[in-house]
>>> print(open('protein.pdb').read())   # PDB, C-alpha atoms
ATOM      1  CA  MET M   1     129.506  96.971  58.617
ATOM      2  CA  ALA M   2     129.593 100.400  60.248
ATOM      3  CA  ARG M   3     127.278 100.996  63.178
ATOM      4  CA  SER M   4     124.743 103.782  63.109
ATOM      5  CA  THR M   5     125.985 106.830  65.019
ATOM      6  CA  LYS M   6     122.431 107.893  65.815
ATOM      7  CA  LYS M   7     122.026 105.312  68.540
ATOM      8  CA  SER M   8     125.278 106.080  70.333
ATOM      9  CA  ARG M   9     125.214 109.879  70.207
ATOM     10  CA  GLY M  10     124.661 110.257  73.962
ATOM     11  CA  LEU M  11     121.597 111.799  75.523
ATOM     12  CA  GLY M  12     120.697 114.197  72.740
ATOM     13  CA  ARG M  13     121.767 117.750  71.909
ATOM     14  CA  GLY M  14     118.701 119.266  73.595
ATOM     15  CA  LEU M  15     119.316 117.818  77.062
ATOM     16  CA  SER M  16     120.947 120.905  78.602
ATOM     17  CA  ALA M  17     118.085 123.146  77.454
ATOM     18  CA  LEU M  18     115.546 120.641  78.723
ATOM     19  CA  MET M  19     117.108 120.229  82.154
ATOM     20  CA  SER M  20     117.137 124.005  82.633
ATOM     21  CA  ASP M  21     113.517 124.174  81.521
ATOM     22  CA  VAL M  22     112.407 121.484  83.944
ATOM     23  CA  ALA M  23     114.392 123.010  86.809
ATOM     24  CA  GLN M  24     112.638 126.353  86.312
ATOM     25  CA  GLU M  25     109.194 124.747  86.268
ATOM     26  CA  GLU M  26     109.935 122.864  89.486
ATOM     27  CA  GLY M  27     110.882 126.110  91.220
ATOM     28  CA  GLN M  28     114.645 125.751  91.314
ATOM     29  CA  ASP M  29     116.882 128.812  91.124
ATOM     30  CA  THR M  30     117.316 128.924  87.376
ATOM     31  CA  ALA M  31     117.182 132.145  85.355
ATOM     32  CA  PRO M  32     114.372 132.076  82.758
ATOM     33  CA  LYS M  33     115.496 132.010  79.145
ATOM     34  CA  ARG M  34     114.696 134.852  76.784
ATOM     35  CA  PRO M  35     111.970 133.731  74.374
ATOM     36  CA  ASP M  36     112.607 133.716  70.640
ATOM     37  CA  MET M  37     109.140 135.095  70.049
ATOM     38  CA  MET M  38     105.558 135.331  71.268
ATOM     39  CA  VAL M  39     103.109 133.216  69.265
ATOM     40  CA  PRO M  40      99.312 132.921  69.289
ATOM     41  CA  ILE M  41      98.319 130.072  71.566
ATOM     42  CA  GLU M  42      96.150 128.558  68.834
ATOM     43  CA  ASN M  43      99.272 128.135  66.680
ATOM     44  CA  VAL M  44     100.835 125.791  69.252
ATOM     45  CA  GLN M  45      99.883 122.143  69.499
ATOM     46  CA  PRO M  46     101.021 119.311  71.772
ATOM     47  CA  ASN M  47     103.513 116.659  70.777
ATOM     48  CA  PRO M  48     101.458 113.868  69.124
ATOM     49  CA  ASP M  49     103.865 111.307  70.634
ATOM     50  CA  GLN M  50     103.788 112.782  74.155
ATOM     51  CA  PRO M  51     104.338 109.821  76.511
ATOM     52  CA  ARG M  52     102.437 111.501  79.349
ATOM     53  CA  ARG M  53      98.687 111.228  78.832
ATOM     54  CA  THR M  54      97.267 112.305  82.206
ATOM     55  CA  PHE M  55      97.595 115.666  83.946
ATOM     56  CA  ALA M  56      96.355 116.079  87.537
ATOM     57  CA  GLU M  57      93.412 118.491  87.510
ATOM     58  CA  ASP M  58      94.195 120.162  90.854
ATOM     59  CA  ALA M  59      97.830 120.730  89.921
ATOM     60  CA  MET M  60      96.797 122.135  86.534
ATOM     61  CA  ASN M  61      94.353 124.567  88.156
ATOM     62  CA  ASP M  62      97.047 125.762  90.569
ATOM     63  CA  LEU M  63      99.465 126.302  87.690
ATOM     64  CA  ALA M  64      96.769 128.097  85.670
ATOM     65  CA  GLN M  65      96.161 130.490  88.559
ATOM     66  CA  SER M  66      99.883 131.234  88.740
ATOM     67  CA  VAL M  67     100.027 131.782  84.972
ATOM     68  CA  ALA M  68      97.027 134.112  85.115
ATOM     69  CA  GLU M  69      98.712 136.216  87.813
ATOM     70  CA  LYS M  70     102.341 136.201  86.662
ATOM     71  CA  GLY M  71     102.265 134.979  83.063
ATOM     72  CA  ILE M  72     104.520 132.220  81.698
ATOM     73  CA  ILE M  73     107.960 132.927  83.152
ATOM     74  CA  GLN M  74     109.798 130.089  81.405
ATOM     75  CA  PRO M  75     109.168 129.851  77.630
ATOM     76  CA  LEU M  76     107.995 126.621  76.046
ATOM     77  CA  ILE M  77     110.472 124.741  73.862
ATOM     78  CA  VAL M  78     108.892 124.093  70.462
ATOM     79  CA  ARG M  79     109.753 123.096  66.920
ATOM     80  CA  LYS M  80     108.090 123.996  63.643
ATOM     81  CA  SER M  81     105.545 121.418  62.540
ATOM     82  CA  PRO M  82     106.868 119.257  59.661
ATOM     83  CA  THR M  83     103.500 119.582  57.916
ATOM     84  CA  ASN M  84     102.596 123.232  58.592
ATOM     85  CA  PRO M  85     105.284 125.948  59.002
ATOM     86  CA  LYS M  86     102.789 128.243  60.752
ATOM     87  CA  VAL M  87     102.194 125.717  63.530
ATOM     88  CA  PHE M  88     104.585 124.852  66.365
ATOM     89  CA  GLU M  89     104.744 121.489  68.172
ATOM     90  CA  ILE M  90     105.600 121.423  71.878
ATOM     91  CA  VAL M  91     108.889 119.747  72.744
ATOM     92  CA  ALA M  92     108.842 120.654  76.456
ATOM     93  CA  GLY M  93     106.289 122.584  78.498
ATOM     94  CA  GLU M  94     102.891 121.071  77.691
ATOM     95  CA  ARG M  95     101.687 121.706  81.253
ATOM     96  CA  ARG M  96     102.325 125.430  80.838
ATOM     97  CA  TRP M  97     100.518 125.401  77.488
ATOM     98  CA  ARG M  98      97.474 123.716  79.056
ATOM     99  CA  ALA M  99      97.575 126.115  81.995
ATOM    100  CA  ALA M 100      97.738 129.081  79.587
ATOM    101  CA  GLN M 101      94.597 127.814  77.872
ATOM    102  CA  ILE M 102      92.776 127.601  81.207
ATOM    103  CA  ALA M 103      94.017 131.105  82.063
ATOM    104  CA  LYS M 104      92.768 132.278  78.633
ATOM    105  CA  LEU M 105      96.069 133.735  77.458
ATOM    106  CA  HIS M 106      96.187 134.763  73.804
ATOM    107  CA  GLU M 107      99.959 134.541  73.311
ATOM    108  CA  ILE M 108     102.712 132.460  74.875
ATOM    109  CA  PRO M 109     106.530 132.759  74.814
ATOM    110  CA  VAL M 110     108.448 130.062  72.936
ATOM    111  CA  ILE M 111     112.011 129.013  72.167
ATOM    112  CA  ILE M 112     112.304 127.386  68.752
ATOM    113  CA  ARG M 113     114.550 124.359  68.340
ATOM    114  CA  ASP M 114     115.311 122.210  65.297
ATOM    115  CA  TYR M 115     114.652 118.658  66.516
ATOM    116  CA  ASP M 116     113.813 115.609  64.455
ATOM    117  CA  ASP M 117     111.086 113.159  65.530
ATOM    118  CA  ALA M 118     113.478 110.882  67.447
ATOM    119  CA  GLU M 119     115.067 113.746  69.387
ATOM    120  CA  MET M 120     111.649 115.199  70.160
ATOM    121  CA  LEU M 121     110.434 111.900  71.613
ATOM    122  CA  GLU M 122     113.658 111.480  73.580
ATOM    123  CA  ILE M 123     113.323 114.901  75.180
ATOM    124  CA  ALA M 124     109.642 114.310  75.971
ATOM    125  CA  ILE M 125     110.551 111.086  77.796
ATOM    126  CA  ILE M 126     113.351 112.783  79.743
ATOM    127  CA  GLU M 127     111.073 115.661  80.735
ATOM    128  CA  ASN M 128     108.463 113.224  82.037
ATOM    129  CA  ILE M 129     111.068 111.364  84.088
ATOM    130  CA  GLN M 130     111.927 114.655  85.803
ATOM    131  CA  ARG M 131     108.337 115.172  86.959
ATOM    132  CA  ALA M 132     108.048 114.959  90.745
ATOM    133  CA  ASP M 133     104.581 113.370  90.638
ATOM    134  CA  LEU M 134     105.469 110.540  88.258
ATOM    135  CA  ASN M 135     104.511 107.095  89.560
ATOM    136  CA  PRO M 136     107.225 104.377  89.749
ATOM    137  CA  VAL M 137     105.873 102.351  86.808
ATOM    138  CA  ASP M 138     105.780 105.304  84.406
ATOM    139  CA  GLU M 139     109.237 106.397  85.532
ATOM    140  CA  ALA M 140     110.596 102.884  84.964
ATOM    141  CA  ALA M 141     108.897 102.727  81.558
ATOM    142  CA  GLY M 142     110.601 106.004  80.634
ATOM    143  CA  TYR M 143     114.006 104.555  81.449
ATOM    144  CA  ARG M 144     113.159 101.447  79.436
ATOM    145  CA  GLN M 145     112.175 103.551  76.422
ATOM    146  CA  LEU M 146     115.391 105.538  76.566
ATOM    147  CA  MET M 147     117.434 102.349  76.691
ATOM    148  CA  ASP M 148     115.514 100.377  74.058
ATOM    149  CA  ARG M 149     114.881 103.170  71.543
ATOM    150  CA  PHE M 150     118.033 105.263  71.914
ATOM    151  CA  GLY M 151     120.636 102.815  73.171
ATOM    152  CA  HIS M 152     121.433 104.560  76.457
ATOM    153  CA  THR M 153     122.899 102.545  79.309
ATOM    154  CA  GLN M 154     121.862 102.738  82.940
ATOM    155  CA  GLU M 155     125.174 104.438  83.717
ATOM    156  CA  GLN M 156     124.549 107.137  81.083
ATOM    157  CA  LEU M 157     121.040 107.799  82.356
ATOM    158  CA  ALA M 158     122.191 107.935  85.974
ATOM    159  CA  SER M 159     124.931 110.446  85.144
ATOM    160  CA  ALA M 160     122.785 112.720  82.974
ATOM    161  CA  LEU M 161     119.631 112.695  85.101
ATOM    162  CA  GLY M 162     121.264 112.918  88.515
ATOM    163  CA  LYS M 163     119.987 109.517  89.618
ATOM    164  CA  SER M 164     121.882 106.603  91.113
ATOM    165  CA  ARG M 165     122.331 103.533  88.950
ATOM    166  CA  SER M 166     120.738 101.387  91.660
ATOM    167  CA  HIS M 167     117.651 103.649  91.635
ATOM    168  CA  ILE M 168     117.204 103.131  87.907
ATOM    169  CA  ALA M 169     117.900  99.386  88.102
ATOM    170  CA  ASN M 170     115.491  98.846  91.008
ATOM    171  CA  LEU M 171     112.701 100.761  89.295
ATOM    172  CA  MET M 172     113.123  98.868  86.030
ATOM    173  CA  ARG M 173     112.773  95.575  87.913
ATOM    174  CA  LEU M 174     109.215  96.659  88.765
ATOM    175  CA  LEU M 175     108.307  96.247  85.077
ATOM    176  CA  THR M 176     108.690  92.458  85.511
ATOM    177  CA  LEU M 177     105.791  92.367  87.985
ATOM    178  CA  PRO M 178     102.292  91.239  86.894
ATOM    179  CA  GLU M 179     100.035  93.908  85.433
ATOM    180  CA  GLU M 180      97.763  93.837  88.484
ATOM    181  CA  VAL M 181     100.656  94.714  90.807
ATOM    182  CA  GLN M 182     101.842  97.468  88.468
ATOM    183  CA  GLU M 183      98.347  98.976  88.581
ATOM    184  CA  TYR M 184      98.555  99.090  92.382
ATOM    185  CA  LEU M 185     101.764 101.107  91.956
ATOM    186  CA  VAL M 186     100.274 103.457  89.354
ATOM    187  CA  PHE M 187      97.331 104.332  91.610
ATOM    188  CA  GLY M 188      99.426 104.572  94.776
ATOM    189  CA  VAL M 189      97.885 101.551  96.486
ATOM    190  CA  LEU M 190     101.343 100.003  96.880
ATOM    191  CA  SER M 191     104.677 101.777  97.291
ATOM    192  CA  ALA M 192     107.774 100.913  95.281
ATOM    193  CA  GLY M 193     109.254  99.432  98.465
ATOM    194  CA  HIS M 194     106.324  97.020  98.827
ATOM    195  CA  ALA M 195     106.510  96.057  95.166
ATOM    196  CA  ARG M 196     110.264  95.411  95.191
ATOM    197  CA  ALA M 197     109.676  92.714  97.802
ATOM    198  CA  LEU M 198     107.499  90.873  95.268
ATOM    199  CA  VAL M 199     109.844  90.999  92.269
ATOM    200  CA  GLY M 200     110.539  87.477  91.054
ATOM    201  CA  HIS M 201     107.890  85.874  93.261
ATOM    202  CA  PRO M 202     105.744  83.359  91.338
ATOM    203  CA  ASP M 203     102.567  84.485  93.106
ATOM    204  CA  ALA M 204     103.215  88.208  93.305
ATOM    205  CA  ALA M 205      99.648  89.289  92.493
ATOM    206  CA  ARG M 206      98.109  87.278  95.339
ATOM    207  CA  LEU M 207     100.697  88.549  97.801
ATOM    208  CA  ALA M 208     100.075  92.129  96.654
ATOM    209  CA  ARG M 209      96.363  91.746  97.394
ATOM    210  CA  GLU M 210      97.222  90.366 100.828
ATOM    211  CA  ILE M 211      99.600  93.259 101.554
ATOM    212  CA  VAL M 212      96.948  95.811 100.549
ATOM    213  CA  HIS M 213      94.188  94.074 102.513
ATOM    214  CA  GLN M 214      96.273  93.779 105.689
ATOM    215  CA  LYS M 215      97.918  97.195 105.257
ATOM    216  CA  LEU M 216     101.347  95.683 105.836
ATOM    217  CA  SER M 217     104.480  97.771 106.160
ATOM    218  CA  VAL M 218     107.370  97.310 103.720
ATOM    219  CA  ARG M 219     109.256  95.242 106.286
ATOM    220  CA  GLN M 220     106.197  93.045 106.862
ATOM    221  CA  ALA M 221     105.764  92.645 103.105
ATOM    222  CA  GLU M 222     109.379  91.542 102.754
ATOM    223  CA  LYS M 223     108.893  89.011 105.565
ATOM    224  CA  LEU M 224     105.708  87.696 103.970
ATOM    225  CA  ALA M 225     107.424  87.228 100.616
ATOM    226  CA  LYS M 226     110.294  85.324 102.264
ATOM    227  CA  GLN M 227     107.878  83.107 104.158
ATOM    228  CA  GLU M 228     106.084  82.258 100.925
ATOM    229  CA  HIS M 229     109.400  81.344  99.320
ATOM    230  CA  ASN M 230     110.334  79.136 102.287
ATOM    231  CA  PRO M 231     107.323  77.146 103.591
ATOM    232  CA  LYS M 232     109.369  75.947 106.605
ATOM    233  CA  ILE M 233     109.186  79.438 108.094
ATOM    234  CA  LYS M 234     106.102  79.576 110.257
ATOM    235  CA  SER M 235     103.731  82.206 109.008
ATOM    236  CA  ALA M 236     102.396  84.788 111.407
ATOM    237  CA  PRO M 237      98.661  84.605 112.043
ATOM    238  CA  LYS M 238      96.694  86.772 109.661
ATOM    239  CA  PRO M 239      94.623  89.492 111.277
ATOM    240  CA  SER M 240      90.920  89.227 110.712
ATOM    241  CA  ALA M 241      89.282  91.811 108.494
ATOM    242  CA  LYS M 242      87.670  94.732 110.294
ATOM    243  CA  ASP M 243      83.936  95.148 110.138
ATOM    244  CA  PRO M 244      82.612  98.143 108.166
ATOM    245  CA  ASP M 245      81.418  99.981 111.306
ATOM    246  CA  THR M 246      84.891  99.926 112.843
ATOM    247  CA  VAL M 247      86.446 101.129 109.586
ATOM    248  CA  GLN M 248      83.936 103.991 109.397
ATOM    249  CA  ILE M 249      84.663 105.060 112.982
ATOM    250  CA  GLU M 250      88.391 105.046 112.200
ATOM    251  CA  LYS M 251      87.797 107.325 109.220
ATOM    252  CA  GLU M 252      85.630 109.747 111.211
ATOM    253  CA  MET M 253      88.111 109.992 114.077
ATOM    254  CA  THR M 254      91.022 110.413 111.656
ATOM    255  CA  ALA M 255      89.187 113.263 109.919
ATOM    256  CA  THR M 256      88.268 114.928 113.226
ATOM    257  CA  LEU M 257      91.709 114.707 114.838
ATOM    258  CA  ARG M 258      93.656 115.022 111.563
ATOM    259  CA  MET M 259      95.812 112.146 112.782
ATOM    260  CA  LYS M 260      95.834 108.483 111.847
ATOM    261  CA  VAL M 261      93.483 106.540 114.145
ATOM    262  CA  THR M 262      93.504 102.744 114.329
ATOM    263  CA  ILE M 263      90.934 100.719 116.287
ATOM    264  CA  ASP M 264      91.707  97.164 117.355
ATOM    265  CA  HIS M 265      88.376  95.634 118.369
ATOM    266  CA  LYS M 266      87.740  91.919 118.259
ATOM    267  CA  PRO M 267      84.143  91.061 117.233
ATOM    268  CA  ASP M 268      83.408  88.799 120.217
ATOM    269  CA  GLU M 269      84.863  91.040 122.926
ATOM    270  CA  GLU M 270      83.648  94.175 124.692
ATOM    271  CA  GLY M 271      87.008  95.911 125.005
ATOM    272  CA  GLY M 272      89.615  96.946 122.477
ATOM    273  CA  LYS M 273      92.440  99.357 121.778
ATOM    274  CA  ILE M 274      92.655 102.724 119.998
ATOM    275  CA  SER M 275      95.978 103.915 118.544
ATOM    276  CA  ILE M 276      96.568 107.521 117.467
ATOM    277  CA  SER M 277      99.642 108.337 115.390
ATOM    278  CA  TYR M 278     101.095 111.844 115.437
ATOM    279  CA  LYS M 279     103.836 113.202 113.161
ATOM    280  CA  SER M 280     105.157 116.027 115.334
ATOM    281  CA  LEU M 281     105.161 117.401 118.872
ATOM    282  CA  ASP M 282     102.791 120.117 117.690
ATOM    283  CA  GLN M 283     100.283 117.447 116.708
ATOM    284  CA  LEU M 284     100.727 115.822 120.119
ATOM    285  CA  ASP M 285     100.001 119.156 121.805
ATOM    286  CA  ASP M 286      96.862 119.538 119.664
ATOM    287  CA  LEU M 287      95.738 116.055 120.698
ATOM    288  CA  LEU M 288      96.293 116.757 124.404
ATOM    289  CA  ARG M 289      94.317 119.995 124.143
ATOM    290  CA  ALA M 290      91.479 118.192 122.361
ATOM    291  CA  LEU M 291      91.366 115.506 125.050
ATOM    292  CA  SER M 292      91.458 118.033 127.887
ATOM    293  CA  ASN M 293      88.452 119.875 126.424
ATOM    294  CA  THR M 294      86.248 116.778 126.305
TER     295      THR M 294
END
>>> encode(input="protein.pdb", output="structure tokens")
Amino acid sequence: MARSTKKSRGLGRGLSALMSDVAQEEGQDTAPKRPDMMVPIENVQPNPDQPRRTFAEDAMNDLAQSVAEKGIIQPLIVRKSPTNPKVFEIVAGERRWRAAQIAKLHEIPVIIRDYDDAEMLEIAIIENIQRADLNPVDEAAGYRQLMDRFGHTQEQLASALGKSRSHIANLMRLLTLPEEVQEYLVFGVLSAGHARALVGHPDAARLAREIVHQKLSVRQAEKLAKQEHNPKIKSAPKPSAKDPDTVQIEKEMTATLRMKVTIDHKPDEEGGKISISYKSLDQLDDLLRALSNT
């Protein structure tokens, strides 16, 4: 029985156009394409199967301000709606369409492509993967969709998207973590490095809570996970939780100095230690000036 050629056709005929479109939106040195036409903004609608459901409000407002001042430099990629020839569905560029609405533009530039539903979904997934602000779980889910729905291998994705195969493989392993841990990743509570240390651990959710509570580094998280796997390794003493007053003082000093401030004060002692972290010599100079003026 002959195999379907649809599944093994590679990464889709619209990939080159998409990659250029994404590069332009991210500010890379790519010449904008000439639009096929200008269309009324009300005649354009988003992809009903758009995998991305959330758009950061601050980023959208910044883009809308740019659109209001300079217009849409890079046209949207669209296709004609299968149900209404006067309407166009967005294949790539929904952020620009939303920004144009905020900027109250009446017309937007578009490039019309002839994509079927499968190709349209594939391109939407690839475009989302290229987003710089995508969290690790959504990025991994995008790779999984491309592999499960379109038959792409990790090697094909790595080659086409400019990623390493190990990057794709490591991210996809995060999808095996419990839902609670994945939520920590989505909301930025845990980094991908922290989460990778928990992959395959039978009690990953509890360890994730401990890592968050103790604010452990990635190296400390890896050590904790190994200790849990091997009970013979003596666990390091767990630091006691800080009282709310100490936490509030840390926040106030961090906001005032614009540097990370950590206070180590034991409840039953008078003395303690304050640590101030600076990221550059300029910050150190600012700190010295602030201290000399007190």
>>> atom_distance(input="protein.pdb", atom1="CA of Leu121 in chain M", atom2="CA of Ala92 in chain M")
10.1 Å
>>> axis_aligned_box(input="protein.pdb", around="range 208-215 of chain M", padding_each_side="5 Å", output="JSON")
{"center_x": 97.1, "center_y": 93.8, "center_z": 101.2, "size_x": 15.9, "size_y": 16.8, "size_z": 19.0}
>>> atom_distance(input="protein.pdb", atom1="CA of Leu284 in chain M", atom2="CA of Gly271 in chain M")
24.7 Å
>>> resolve_selection(input="protein.pdb", expression="the PyMOL selection byres ((chain M and resi 180) around 12)", output="list in words")
Val137, Leu174, Leu175, Thr176, Leu177, Pro178, Glu179, Val181, Gln182, Glu183, Tyr184, Leu185, Val186, Phe187, Val189, Leu190, Ala195, Asp203, Ala204, Ala205, Arg206, Leu207, Ala208 and Arg209 of chain M
>>> resolve_selection(input="protein.pdb", expression="the PyMOL selection byres ((chain M and resi 40) around 12)", output="number ranges by chain")
M: 37-39, 41-45, 86-88, 97, 100-101, 104-110
>>> atom_distance(input="protein.pdb", atom1="CA of Ala68 in chain M", atom2="CA of Arg98 in chain M")
12.0 Å
>>> closest_residue(input="protein.pdb", among="M:Leu198, M:Ile77, M:Leu63, M:Met253", to="Lys223 in chain M", atoms="only C-alpha atoms")
M:Leu198
>>> residues_around(input="protein.pdb", residues="Asp117 in chain M", least_positions_apart="2", cutoff="12 Å", atoms="all atoms listed in the file", output="NGL selection string")
:M and (47-50 or 79-82 or 89-91 or 114-115 or 119-124)
>>> closest_residue(input="protein.pdb", among="M:His167, M:His201, M:Arg149, M:Lys266", to="Lys242 in chain M", atoms="all atoms listed in the file")
M:Lys266
>>> residues_around(input="protein.pdb", residues="Thr246 in chain M", least_positions_apart="5", cutoff="9 Å", atoms="only C-alpha atoms", output="PyMOL selection string")
chain M and resi 251+263-265
>>> closest_residue(input="protein.pdb", among="M:Ala99, M:Ser277, M:Gly93, M:Thr83", to="Val67 in chain M", atoms="all atoms listed in the file")
M:Ala99
>>> resolve_selection(input="protein.pdb", expression="the PyMOL selection byres ((chain M and resi 214-219) around 12)", output="MDAnalysis selection string")
chainID M and resid 189:198 207:213 220:226 237:242 262
>>> closest_residue(input="protein.pdb", among="M:Ala59, M:Ile111, M:Ile125, M:Leu281", to="Gln74 in chain M", atoms="only C-alpha atoms")
M:Ile111
>>> closest_residue(input="protein.pdb", among="M:Ala255, M:Ala118, M:Pro85, M:Ala103", to="Lys70 in chain M", atoms="all atoms listed in the file")
M:Ala103
>>> closest_residue(input="protein.pdb", among="M:Ile102, M:Leu134, M:Ala141, M:Ile126", to="Leu157 in chain M", atoms="all atoms listed in the file")
M:Ile126
